[in-house]
file final_22.txt (compact mmCIF, C-alpha atoms)
# COMPACT_ATOMS: atom_id res chain seq x y z
CA MET A 1 -5.97 10.25 9.26
CA THR A 2 -2.57 9.10 10.42
CA ASP A 3 0.60 9.75 8.49
CA ALA A 4 0.97 6.02 7.94
CA ALA A 5 -2.53 5.77 6.55
CA THR A 6 -1.88 8.68 4.23
CA ALA A 7 1.31 7.07 3.00
CA ALA A 8 -0.48 3.79 2.41
CA LEU A 9 -3.15 5.57 0.39
CA ARG A 10 -0.56 7.40 -1.61
CA ARG A 11 1.61 4.39 -2.36
CA PRO A 12 0.45 0.79 -2.36
CA ALA A 13 2.87 -1.38 -0.35
CA LEU A 14 4.63 -4.10 -2.31
CA GLY A 15 7.19 -6.75 -1.42
CA LEU A 16 10.50 -7.07 -3.19
CA SER A 17 13.07 -9.84 -3.18
CA VAL A 18 16.47 -10.26 -4.79
CA GLU A 19 18.11 -13.48 -5.80
CA GLY A 20 21.06 -14.51 -7.88
CA LEU A 21 22.73 -11.09 -7.99
CA ALA A 22 26.41 -10.61 -7.18
CA PRO A 23 26.74 -9.46 -3.52
CA ARG A 24 27.98 -6.06 -4.65
CA ASP A 25 25.03 -5.56 -7.01
CA GLU A 26 22.58 -6.79 -4.38
CA LEU A 27 23.94 -4.37 -1.80
CA LEU A 28 23.81 -1.52 -4.30
CA LEU A 29 20.26 -2.46 -5.34
CA LYS A 30 19.02 -2.50 -1.76
CA SER A 31 20.66 0.84 -1.05
CA LEU A 32 19.15 2.39 -4.18
CA VAL A 33 15.68 1.09 -3.37
CA ARG A 34 15.93 2.70 0.06
CA LEU A 35 17.28 5.92 -1.43
CA LEU A 36 14.52 6.02 -4.04
CA ASP A 37 11.82 5.31 -1.49
CA HIS A 38 10.59 8.90 -1.43
CA ARG A 39 10.25 8.92 -5.23
CA THR A 40 8.86 5.57 -6.29
CA GLN A 41 5.12 5.29 -6.87
CA HIS A 42 4.88 2.22 -4.65
CA GLN A 43 6.24 1.51 -1.21
CA TRP A 44 8.78 -1.26 -1.69
CA SER A 45 10.04 -3.34 1.21
CA PHE A 46 12.21 -6.44 1.16
CA HIS A 47 10.43 -9.73 1.88
CA ALA A 48 12.39 -12.85 0.98
CA GLU A 49 9.34 -15.14 1.04
CA ARG A 50 6.25 -13.08 0.32
CA CYS A 51 7.40 -10.89 -2.50
CA ASP A 52 5.42 -9.32 -5.33
CA LEU A 53 8.50 -8.62 -7.41
CA LEU A 54 11.60 -10.78 -7.69
CA ILE A 55 14.71 -9.17 -9.12
CA ALA A 56 16.66 -12.10 -10.46
CA GLY A 57 20.30 -12.23 -11.35
CA GLU A 58 21.78 -14.54 -13.90
CA GLY A 59 21.89 -18.18 -12.86
CA LEU A 60 18.98 -17.94 -10.43
CA SER A 61 17.97 -21.39 -9.33
CA ARG A 62 14.54 -20.30 -8.10
CA LEU A 63 13.56 -18.74 -11.38
CA ALA A 64 12.28 -21.95 -12.94
CA ALA A 65 9.99 -22.63 -10.01
CA VAL A 66 8.81 -19.03 -9.95
CA SER A 67 8.11 -18.92 -13.65
CA GLY A 68 6.17 -22.13 -13.37
CA GLY A 69 4.03 -20.63 -10.63
CA ALA A 70 4.49 -23.74 -8.53
CA ALA A 71 5.70 -22.40 -5.22
CA GLY A 72 4.03 -20.41 -2.45
CA ASP A 73 0.48 -19.76 -1.28
CA GLY A 74 -0.12 -16.51 -3.17
CA PRO A 75 0.35 -15.68 -6.81
CA PRO A 76 3.88 -16.07 -8.17
CA PRO A 77 5.91 -12.88 -8.10
CA THR A 78 6.60 -10.81 -11.15
CA VAL A 79 10.18 -11.42 -12.24
CA LEU A 80 12.52 -8.65 -13.34
CA ARG A 81 15.72 -10.15 -14.69
CA ALA A 82 18.89 -8.18 -14.05
CA ALA A 83 21.41 -8.61 -16.84
CA ARG A 84 24.41 -6.83 -18.28
CA ALA A 85 22.63 -6.08 -21.55
CA GLY A 86 19.10 -6.03 -20.19
CA SER A 87 16.78 -3.62 -21.94
CA GLY A 88 13.41 -5.36 -22.29
CA ALA A 89 10.24 -4.64 -20.34
CA HIS A 90 11.03 -7.40 -17.84
CA GLU A 91 14.75 -6.71 -17.66
CA LEU A 92 16.92 -4.44 -15.60
CA SER A 93 20.26 -3.48 -17.05
CA LEU A 94 23.45 -3.78 -15.05
CA PRO A 95 25.32 -1.86 -13.79
CA LEU A 96 22.41 -0.36 -11.91
CA ASN A 97 21.28 3.14 -12.74
CA PRO A 98 18.98 4.88 -10.23
CA GLU A 99 16.71 6.41 -12.85
CA VAL A 100 16.36 3.17 -14.78
CA LEU A 101 15.70 1.29 -11.54
CA GLU A 102 13.04 3.82 -10.50
CA GLN A 103 11.28 3.51 -13.85
CA ALA A 104 11.46 -0.29 -13.73
CA LEU A 105 10.01 -0.39 -10.20
CA ASN A 106 7.21 1.99 -11.16
CA ARG A 107 6.38 -0.08 -14.25
CA ALA A 108 6.42 -3.37 -12.38
CA GLY A 109 4.49 -1.92 -9.43
CA ALA A 110 1.72 -0.56 -11.66
CA ALA A 111 1.36 -3.94 -13.38
CA ILE A 112 1.26 -5.78 -10.03
CA VAL A 113 -1.37 -3.47 -8.56
CA GLU A 114 -3.50 -3.76 -11.69
CA ALA A 115 -3.25 -7.56 -11.57
CA ARG A 116 -4.25 -7.51 -7.89
CA GLN A 117 -7.29 -5.39 -8.66
CA ARG A 118 -8.30 -7.72 -11.48
CA ALA A 119 -7.99 -10.69 -9.13
CA GLU A 120 -10.11 -8.92 -6.50
CA ALA A 121 -12.74 -8.17 -9.10
CA ARG A 122 -12.74 -11.78 -10.35
CA ALA A 123 -13.33 -12.96 -6.79
CA ALA A 124 -16.43 -10.78 -6.55
CA VAL A 125 -19.71 -12.53 -5.90
CA PRO A 126 -22.65 -12.36 -8.32
CA ILE A 127 -24.95 -9.38 -7.84
CA LEU A 128 -28.17 -10.95 -6.66
CA ASP A 129 -29.58 -8.83 -3.85
CA ASP A 130 -28.64 -6.39 -1.14
CA GLU A 131 -26.42 -8.83 0.70
CA GLN A 132 -23.37 -7.33 -0.93
CA ALA A 133 -22.06 -3.80 -1.37
CA PHE A 134 -19.81 -2.89 -4.25
CA GLN A 135 -17.07 -0.39 -4.84
CA LEU A 136 -15.06 0.51 -7.93
CA THR A 137 -11.49 -0.71 -8.24
CA ARG A 138 -10.84 2.00 -10.80
CA TRP A 139 -12.72 4.69 -12.71
CA PRO A 140 -14.55 2.93 -15.57
CA PRO A 141 -13.65 3.35 -19.24
CA SER A 142 -15.67 5.93 -21.15
CA GLU A 143 -17.78 3.37 -23.02
CA LEU A 144 -19.24 2.09 -19.75
CA LEU A 145 -20.23 5.60 -18.72
CA ARG A 146 -22.36 6.36 -21.78
CA GLY A 147 -25.95 6.50 -20.74
CA PRO A 148 -28.09 8.72 -18.54
CA GLY A 149 -27.00 8.95 -14.94
CA ARG A 150 -24.06 6.59 -15.26
CA LEU A 151 -21.48 9.23 -14.37
CA ALA A 152 -23.31 9.85 -11.09
CA LEU A 153 -23.75 6.12 -10.41
CA ALA A 154 -20.04 5.51 -10.95
CA THR A 155 -19.21 8.44 -8.68
CA LEU A 156 -21.35 6.94 -5.92
CA LEU A 157 -19.27 3.77 -6.15
CA VAL A 158 -16.03 5.70 -5.70
CA SER A 159 -16.08 6.84 -2.12
CA ARG A 160 -17.96 4.12 -0.22
CA PRO A 161 -19.27 0.63 -1.01
CA CYS A 162 -22.90 0.73 -2.16
CA THR A 163 -25.61 -1.92 -2.32
CA VAL A 164 -28.01 -2.02 -5.27
CA THR A 165 -30.68 -0.33 -3.16
CA GLN A 166 -28.35 2.41 -1.96
CA LEU A 167 -27.31 3.04 -5.55
CA HIS A 168 -30.95 3.12 -6.64
CA LEU A 169 -31.94 5.60 -3.93
CA ARG A 170 -28.86 7.80 -3.97
CA GLY A 171 -28.41 7.80 -7.75
CA CYS A 172 -32.10 8.52 -8.44
CA ALA A 173 -32.01 5.76 -11.05
CA GLU A 174 -34.29 2.79 -11.63
CA ARG A 175 -33.19 -0.30 -9.74
CA SER A 176 -32.94 -2.23 -13.03
CA VAL A 177 -30.66 0.48 -14.45
CA CYS A 178 -28.41 0.25 -11.38
CA LEU A 179 -28.34 -3.52 -11.58
CA ALA A 180 -27.46 -3.48 -15.29
CA PHE A 181 -24.69 -0.97 -14.65
CA LEU A 182 -23.25 -3.07 -11.81
CA HIS A 183 -23.34 -6.16 -14.02
CA GLU A 184 -21.44 -4.35 -16.76
CA LEU A 185 -18.86 -3.12 -14.26
CA GLN A 186 -18.48 -6.61 -12.86
CA ARG A 187 -18.03 -8.12 -16.32
CA ALA A 188 -15.30 -5.53 -16.90
CA GLU A 189 -13.71 -6.64 -13.58
CA LEU A 190 -14.00 -3.16 -12.11
CA LEU A 191 -15.89 -4.02 -8.91
CA ARG A 192 -14.91 -5.43 -5.60
CA SER A 193 -17.50 -6.52 -3.10
CA ASP A 194 -17.86 -5.96 0.61
CA ALA A 195 -20.36 -7.30 3.08
CA PRO A 196 -23.06 -4.72 3.95
CA ARG A 197 -21.63 -4.19 7.43
CA ALA A 198 -18.28 -3.49 5.90
CA ALA A 199 -19.97 -0.99 3.65
CA ALA A 200 -21.20 0.95 6.63
CA ALA A 201 -18.05 0.68 8.68
CA SER A 202 -15.62 1.14 5.84
CA SER A 203 -11.98 1.47 6.72
CA ALA A 204 -11.74 4.49 4.45
CA PRO A 205 -10.72 7.64 6.24
CA ALA A 206 -13.39 9.91 7.66
CA PRO A 207 -14.25 12.89 5.48
CA VAL A 208 -13.86 16.49 6.45
CA PRO A 209 -16.70 17.20 8.89
CA ALA A 210 -19.34 19.29 7.18
CA LEU A 211 -22.22 21.22 8.67
CA PRO A 212 -25.70 19.81 8.12
CA GLY A 213 -27.13 20.90 4.79
CA LEU A 214 -23.88 22.45 3.61
CA PHE A 215 -23.67 20.45 0.40
CA ALA A 216 -27.30 21.22 -0.42
CA ARG A 217 -26.64 24.93 0.10
CA ILE A 218 -23.62 24.80 -2.20
CA ARG A 219 -25.70 22.97 -4.80
CA ARG A 220 -28.47 25.58 -4.62
CA ARG A 221 -25.96 28.40 -4.99
CA LEU A 222 -24.37 26.77 -8.02
CA GLY A 223 -27.74 25.93 -9.56
CA LEU A 224 -27.03 22.20 -9.45
CA ARG A 225 -29.69 19.51 -9.13
CA PRO A 226 -30.47 18.49 -5.55
CA GLY A 227 -28.01 16.00 -4.13
CA LEU A 228 -28.23 13.05 -1.78
CA ALA A 229 -28.58 14.83 1.51
CA SER A 230 -31.39 17.13 0.42
CA MET B 1 -18.98 33.99 9.45
CA ILE B 2 -18.51 30.29 8.63
CA GLU B 3 -16.27 29.66 5.66
CA HIS B 4 -15.58 26.61 3.54
CA LYS B 5 -13.19 26.04 0.68
CA ILE B 6 -12.70 23.96 -2.42
CA LEU B 7 -9.31 23.78 -4.10
CA PHE B 8 -8.49 23.82 -7.78
CA SER B 9 -5.02 22.54 -8.58
CA GLY B 10 -3.20 21.31 -11.65
CA THR B 11 -0.60 22.14 -14.18
CA MET B 12 0.30 25.60 -15.30
CA GLY B 13 -2.04 26.56 -18.12
CA ALA B 14 -4.63 23.90 -17.29
CA GLY B 15 -7.27 26.54 -16.61
CA LYS B 16 -7.56 26.91 -12.85
CA THR B 17 -8.11 30.67 -13.10
CA THR B 18 -10.72 30.19 -15.85
CA ALA B 19 -12.52 27.45 -13.92
CA ILE B 20 -12.80 29.61 -10.80
CA ALA B 21 -13.95 32.58 -12.87
CA ALA B 22 -16.69 30.38 -14.37
CA VAL B 23 -18.40 29.86 -11.02
CA SER B 24 -17.24 32.63 -8.70
CA GLU B 25 -19.64 35.44 -7.86
CA ILE B 26 -16.76 37.91 -7.74
CA GLY B 27 -14.16 38.48 -10.40
CA PRO B 28 -11.38 36.07 -9.48
CA LEU B 29 -8.45 37.64 -7.70
CA SER B 30 -5.23 36.40 -9.25
CA THR B 31 -1.60 37.07 -8.61
CA ASP B 32 -0.50 36.70 -12.19
CA VAL B 33 2.85 37.71 -13.60
CA ARG B 34 4.27 37.70 -17.09
CA ASN B 35 4.97 34.11 -18.14
CA THR B 36 8.64 33.44 -18.83
CA ASP B 37 8.22 29.71 -19.46
CA ALA B 38 8.46 29.42 -23.24
CA SER B 39 7.05 25.88 -23.17
CA VAL B 40 3.63 27.19 -22.17
CA ALA B 41 1.80 29.45 -24.61
CA LYS B 42 0.23 31.98 -22.27
CA ALA B 43 1.04 35.59 -21.56
CA THR B 44 0.69 35.45 -17.79
CA THR B 45 0.74 32.76 -15.15
CA THR B 46 -0.31 32.53 -11.51
CA VAL B 47 2.55 32.45 -9.07
CA GLY B 48 0.56 32.95 -5.88
CA LEU B 49 -3.00 31.78 -5.99
CA ASP B 50 -6.38 32.46 -7.52
CA TYR B 51 -9.33 33.27 -5.38
CA GLY B 52 -13.05 33.31 -5.98
CA GLU B 53 -16.02 32.99 -3.69
CA LEU B 54 -19.69 32.19 -3.42
CA THR B 55 -22.07 33.34 -0.70
CA LEU B 56 -24.47 30.61 0.33
CA ASP B 57 -28.11 31.31 1.21
CA ASN B 58 -27.43 31.30 4.96
CA GLY B 59 -24.55 33.73 4.66
CA GLU B 60 -21.78 31.15 4.79
CA ARG B 61 -19.04 31.66 2.30
CA LEU B 62 -17.52 29.09 -0.03
CA ARG B 63 -14.02 30.07 -1.00
CA LEU B 64 -12.51 28.76 -4.22
CA TYR B 65 -8.75 28.65 -4.23
CA GLY B 66 -6.59 27.97 -7.27
CA THR B 67 -3.20 26.75 -6.16
CA PRO B 68 -0.09 27.80 -8.03
CA GLY B 69 0.54 25.06 -10.58
CA GLN B 70 4.29 24.85 -10.44
CA SER B 71 5.56 22.15 -8.10
CA ARG B 72 8.13 24.55 -6.65
CA PHE B 73 5.19 26.11 -4.84
CA ALA B 74 4.19 22.76 -3.33
CA PHE B 75 4.87 24.12 0.15
CA MET B 76 1.71 26.21 -0.28
CA TRP B 77 -0.44 23.22 -1.17
CA ASP B 78 -0.42 21.78 2.35
CA ILE B 79 -1.41 25.12 3.79
CA LEU B 80 -4.27 25.56 1.32
CA ALA B 81 -5.44 21.95 1.76
CA ARG B 82 -6.06 22.34 5.49
CA GLY B 83 -9.79 22.12 6.09
CA ALA B 84 -10.67 22.01 2.38
CA LEU B 85 -13.87 20.21 1.43
CA GLY B 86 -12.42 18.72 -1.72
CA LEU B 87 -10.06 19.02 -4.64
CA VAL B 88 -10.46 19.56 -8.38
CA ILE B 89 -7.32 18.60 -10.31
CA LEU B 90 -7.00 20.04 -13.82
CA ILE B 91 -4.51 18.45 -16.21
CA ASP B 92 -3.43 19.90 -19.55
CA ASN B 93 -3.24 16.96 -21.95
CA SER B 94 -1.17 18.96 -24.42
CA ARG B 95 1.84 18.95 -22.12
CA PRO B 96 4.71 16.50 -22.73
CA ASP B 97 3.82 14.00 -19.96
CA PRO B 98 0.31 14.49 -18.55
CA LEU B 99 0.47 11.29 -16.47
CA ALA B 100 3.62 12.50 -14.73
CA ASP B 101 1.86 15.83 -14.16
CA LEU B 102 -1.04 13.95 -12.59
CA ASP B 103 1.39 12.17 -10.26
CA VAL B 104 2.64 15.49 -8.96
CA TYR B 105 -0.83 16.45 -7.72
CA LEU B 106 -1.82 12.98 -6.51
CA ASP B 107 1.33 13.03 -4.38
CA GLY B 108 1.06 16.66 -3.34
CA PHE B 109 -2.54 16.32 -2.18
CA ALA B 110 -2.54 12.67 -1.04
CA ASP B 111 -3.77 13.57 2.42
CA LEU B 112 -6.64 15.73 1.16
CA ILE B 113 -7.64 13.10 -1.43
CA GLY B 114 -7.63 10.44 1.28
CA ARG B 115 -9.82 12.29 3.71
CA SER B 116 -12.18 14.11 1.38
CA ALA B 117 -13.00 13.91 -2.32
CA CYS B 118 -11.29 14.55 -5.62
CA VAL B 119 -12.26 14.88 -9.26
CA VAL B 120 -9.87 15.12 -12.19
CA GLY B 121 -10.58 17.14 -15.33
CA ILE B 122 -8.44 16.57 -18.41
CA GLY B 123 -8.20 19.56 -20.73
CA ARG B 124 -7.36 19.88 -24.41
CA THR B 125 -8.31 16.28 -25.17
CA GLU B 126 -9.90 17.44 -28.43
CA THR B 127 -6.47 18.34 -29.81
CA HIS B 128 -4.37 15.96 -27.72
CA ALA B 129 -6.21 12.67 -27.37
CA SER B 130 -3.34 10.72 -25.85
CA PRO B 131 -3.15 9.65 -23.08
CA ASP B 132 -6.89 9.09 -23.21
CA ILE B 133 -9.23 9.34 -20.24
CA ASP B 134 -9.03 5.60 -19.62
CA ALA B 135 -5.24 5.78 -19.43
CA HIS B 136 -5.58 8.46 -16.77
CA GLY B 137 -8.08 6.26 -14.87
CA ARG B 138 -5.77 3.25 -15.05
CA HIS B 139 -2.82 5.33 -13.97
CA MET B 140 -4.67 6.63 -10.92
CA ALA B 141 -5.82 3.13 -10.00
CA ALA B 142 -2.23 1.91 -10.14
CA ARG B 143 -1.50 4.61 -7.58
CA GLY B 144 -4.40 3.41 -5.41
CA VAL B 145 -6.61 6.40 -6.27
CA VAL B 146 -10.13 5.94 -7.61
CA CYS B 147 -12.01 9.12 -8.46
CA PRO B 148 -13.95 10.55 -11.40
CA VAL B 149 -11.80 11.57 -14.34
CA LEU B 150 -13.38 13.22 -17.36
CA PRO B 151 -12.54 15.52 -20.23
CA VAL B 152 -13.24 19.16 -19.52
CA ASP B 153 -13.22 22.50 -21.26
CA VAL B 154 -13.08 24.96 -18.38
CA ARG B 155 -14.25 27.77 -20.65
CA GLU B 156 -17.66 26.09 -20.50
CA ARG B 157 -19.31 26.88 -17.17
CA ALA B 158 -21.51 23.78 -17.43
CA GLN B 159 -18.45 21.56 -17.56
CA VAL B 160 -16.90 23.19 -14.49
CA LEU B 161 -20.23 22.72 -12.72
CA GLN B 162 -20.21 19.06 -13.68
CA LEU B 163 -16.83 18.63 -11.96
CA LEU B 164 -18.20 20.29 -8.83
CA ASP B 165 -21.38 18.19 -9.01
CA LEU B 166 -19.33 14.98 -8.96
CA LEU B 167 -17.17 16.32 -6.15
CA LEU B 168 -20.24 17.10 -4.05
CA LEU B 169 -21.78 13.72 -4.86
CA GLN B 170 -18.74 11.96 -3.38
CA LEU B 171 -18.85 14.14 -0.27
CA GLU B 172 -22.58 13.53 0.19
CA SER B 173 -22.19 9.79 -0.32
CA ARG B 174 -19.44 9.63 2.29
CA SER B 175 -21.40 11.77 4.66
CA LEU B 176 -24.51 9.56 4.37
CA SER B 177 -22.55 6.32 4.76
CA ASP B 178 -20.69 7.63 7.78
CA LEU B 179 -23.89 8.86 9.41
CA ARG B 180 -25.37 5.39 9.11
CA ALA B 181 -22.23 3.60 10.29

call {"tool": "encode", "arguments": {"input": "final_22.txt", "output": "structure tokens"}}
result
Amino acid sequence: MTDAATAALRRPALGLSVEGLAPRDELLLKSLVRLLDHRTQHQWSFHAERCDLLIAGEGLSRLAAVSGGAAGDGPPPTVLRAARAGSGAHELSLPLNPEVLEQALNRAGAAIVEARQRAEARAAVPILDDEQAFQLTRWPPSELLRGPGRLALATLLVSRPCTVTQLHLRGCAERSVCLAFLHELQRAELLRSDAPRAAAASSAPAPVPALPGLFARIRRRLGLRPGLAS
Amino acid sequence: MIEHKILFSGTMGAGKTTAIAAVSEIGPLSTDVRNTDASVAKATTTVGLDYGELTLDNGERLRLYGTPGQSRFAFMWDILARGALGLVILIDNSRPDPLADLDVYLDGFADLIGRSACVVGIGRTETHASPDIDAHGRHMAARGVVCPVLPVDVRERAQVLQLLDLLLLQLESRSLSDLRA
């Protein structure tokens, strides 16, 4: 795995834009974002056009269009308004404070990533047959994991996309049970779908090479039930 | 002799030593010293690492390493992570900011999590319910990490085994998918 790939896994990349700030504040903001880059939970880069987060100063002309969601091909950016007395969830107080800015970026980034994942899940196709493979966008809430075998089924959907048949065979669960579980996950907007070929040739990084039968030997030694490779 | 390793990491007092002791075939070797951190109610803490092991039926050895919990020892994490099969993160939910604690280990082991498998066990949820398991899951997803997260009492061997079961399941699933790719 390359360093860049590791960084991307660690921190989702997001676009940031600034408008309507005084030149001094804008310069300071950009410097702080660069300085905070090793600390923020997301990798922020400045994109004037394709931004996920717009930090807006007072008197921003574009704000009305942004708020109305009228402009651009993608979803409208989240707006963080910078103001002298700003203290709300969608406000950034001036003068800029590095800690406050870091917290605001982390908050906004988490909300943007969650919204992206919801949108991906909404775009998922219905589960009809083995034409599609599915993968979790996040670990499911506890109520969806109640029921025999569901913890294992969810775990199988973590590392690689799985079709219904793969889930049925690997999870040692009835096909109908797997299908019902996938439907519940999809209703909760926790699945994204991939074509079967994509499932096999996933872009996820290769695992640590293991010797044949190693996991089965570990399972036997720990007294665990046989796993997939046995 | 071929050797493999699984790492246990997490906050000070989360139970890494106890978890390793629950499954190791030898008494865990620990480099504990008297705890001087008044915020954590334990007499000793691990400043080096914990070590346990299991001998597999073909003579291979599975080493279980507990990393020092304090982030000032993060330089050791990279060294321990090299060649590890997977990672068990243990979080103590009774600490002031468990989600921030989780971030420390997601960051510190990002490379290992990306190339292998990870499972997160949240301790002391029976006395400290917040943040709940779902909040931990959402928090990880916001960081681009999807892996099993479940409550755990590491004093119960069965619960430690469940963490390892889910870790192995991820590794097996990846291995099968990659073989067929």

call {"tool": "closest_residue", "arguments": {"input": "final_22.txt", "among": "B:Val120, B:Lys5, B:Glu126, B:Val145", "to": "Glu60 in chain B", "atoms": "all atoms listed in the file"}}
result
B:Lys5

call {"tool": "closest_atom_pairs", "arguments": {"input": "final_22.txt", "of": "chain B", "to": "chain A", "cutoff": "7 Å", "atoms": "all atoms listed in the file", "output": "tab-separated table"}}
result
residue	atom	partner	partner_atom	distance
B:Leu56	CA	A:Arg221	CA	6.0
B:Asp57	CA	A:Arg217	CA	6.6
B:Gly83	CA	A:Val208	CA	7.0
B:Leu85	CA	A:Val208	CA	6.2
B:Asp107	CA	A:Arg10	CA	6.6
B:Ala110	CA	A:Arg10	CA	5.7
B:Asp111	CA	A:Thr6	CA	5.5
B:Gly114	CA	A:Pro205	CA	6.5
B:Arg115	CA	A:Pro207	CA	4.8
B:Ser116	CA	A:Pro207	CA	4.8
B:Asp134	CA	A:Pro141	CA	5.2
B:Gly137	CA	A:Trp139	CA	5.4
B:Arg138	CA	A:Arg138	CA	6.7
B:Ala141	CA	A:Arg138	CA	5.2
B:Ala142	CA	A:Ala110	CA	4.9
B:Arg143	CA	A:Arg11	CA	6.1
B:Gly144	CA	A:Pro12	CA	6.3
B:Val146	CA	A:Arg138	CA	5.1
B:Cys147	CA	A:Val158	CA	6.0
B:Pro148	CA	A:Trp139	CA	6.1
B:Asp165	CA	A:Leu224	CA	6.9
B:Leu166	CA	A:Thr155	CA	6.5
B:Leu168	CA	A:Phe215	CA	6.5
B:Leu169	CA	A:Gly227	CA	6.7
B:Gln170	CA	A:Ser159	CA	5.9
B:Glu172	CA	A:Leu228	CA	6.0
B:Ser173	CA	A:Leu156	CA	6.3
B:Arg174	CA	A:Ser159	CA	6.2
B:Ser177	CA	A:Ala200	CA	5.8
B:Asp178	CA	A:Ala200	CA	6.8
B:Arg180	CA	A:Ala200	CA	6.6
B:Ala181	CA	A:Ala200	CA	4.6

call {"tool": "atom_distance", "arguments": {"input": "final_22.txt", "atom1": "CA of Gly15 in chain B", "atom2": "CA of Tyr51 in chain B"}}
result
13.3 Å

call {"tool": "atom_distance", "arguments": {"input": "final_22.txt", "atom1": "CA of Asp25 in chain A", "atom2": "CA of Arg50 in chain A"}}
result
21.5 Å

call {"tool": "atom_distance", "arguments": {"input": "final_22.txt", "atom1": "CA of Ala19 in chain B", "atom2": "CA of Gly149 in chain A"}}
result
23.5 Å

call {"tool": "residues_near_point", "arguments": {"input": "final_22.txt", "point": "(-16.5, 27.8, 7.6)", "cutoff": "8 Å", "atoms": "only C-alpha atoms", "output": "list in words"}}
result
Met1, Ile2, Glu3, His4, Lys5, Glu60, Arg61 and Leu62 of chain B

call {"tool": "residues_around", "arguments": {"input": "final_22.txt", "residues": "Asn93 in chain B", "least_positions_apart": "3", "cutoff": "6 Å", "atoms": "only C-alpha atoms", "output": "ChimeraX atom specification"}}
result
/B:98,123-124,128

call {"tool": "write_last_selection", "arguments": {"input": "final_22.txt", "atoms": "C-alpha atoms", "output": "compact mmCIF listing (two decimals), in the coordinates of the input"}}
result
# COMPACT_ATOMS: atom_id res chain seq x y z
CA PRO B 98 0.31 14.49 -18.55
CA GLY B 123 -8.20 19.56 -20.73
CA ARG B 124 -7.36 19.88 -24.41
CA HIS B 128 -4.37 15.96 -27.72

call {"tool": "residues_around", "arguments": {"input": "final_22.txt", "residues": "range 157-160 of chain B", "least_positions_apart": "3", "cutoff": "10 Å", "atoms": "only C-alpha atoms", "output": "list of chain:residue names"}}
result
A:Leu224, B:Thr18, B:Ala19, B:Ile20, B:Ala21, B:Ala22, B:Val23, B:Val88, B:Gly121, B:Leu150, B:Pro151, B:Val152, B:Asp153, B:Val154, B:Leu163, B:Leu164, B:Asp165

call {"tool": "residues_around", "arguments": {"input": "final_22.txt", "residues": "Asp101 in chain B", "least_positions_apart": "6", "cutoff": "9 Å", "atoms": "all atoms listed in the file", "output": "ChimeraX atom specification"}}
result
/B:10-11,91-92,95
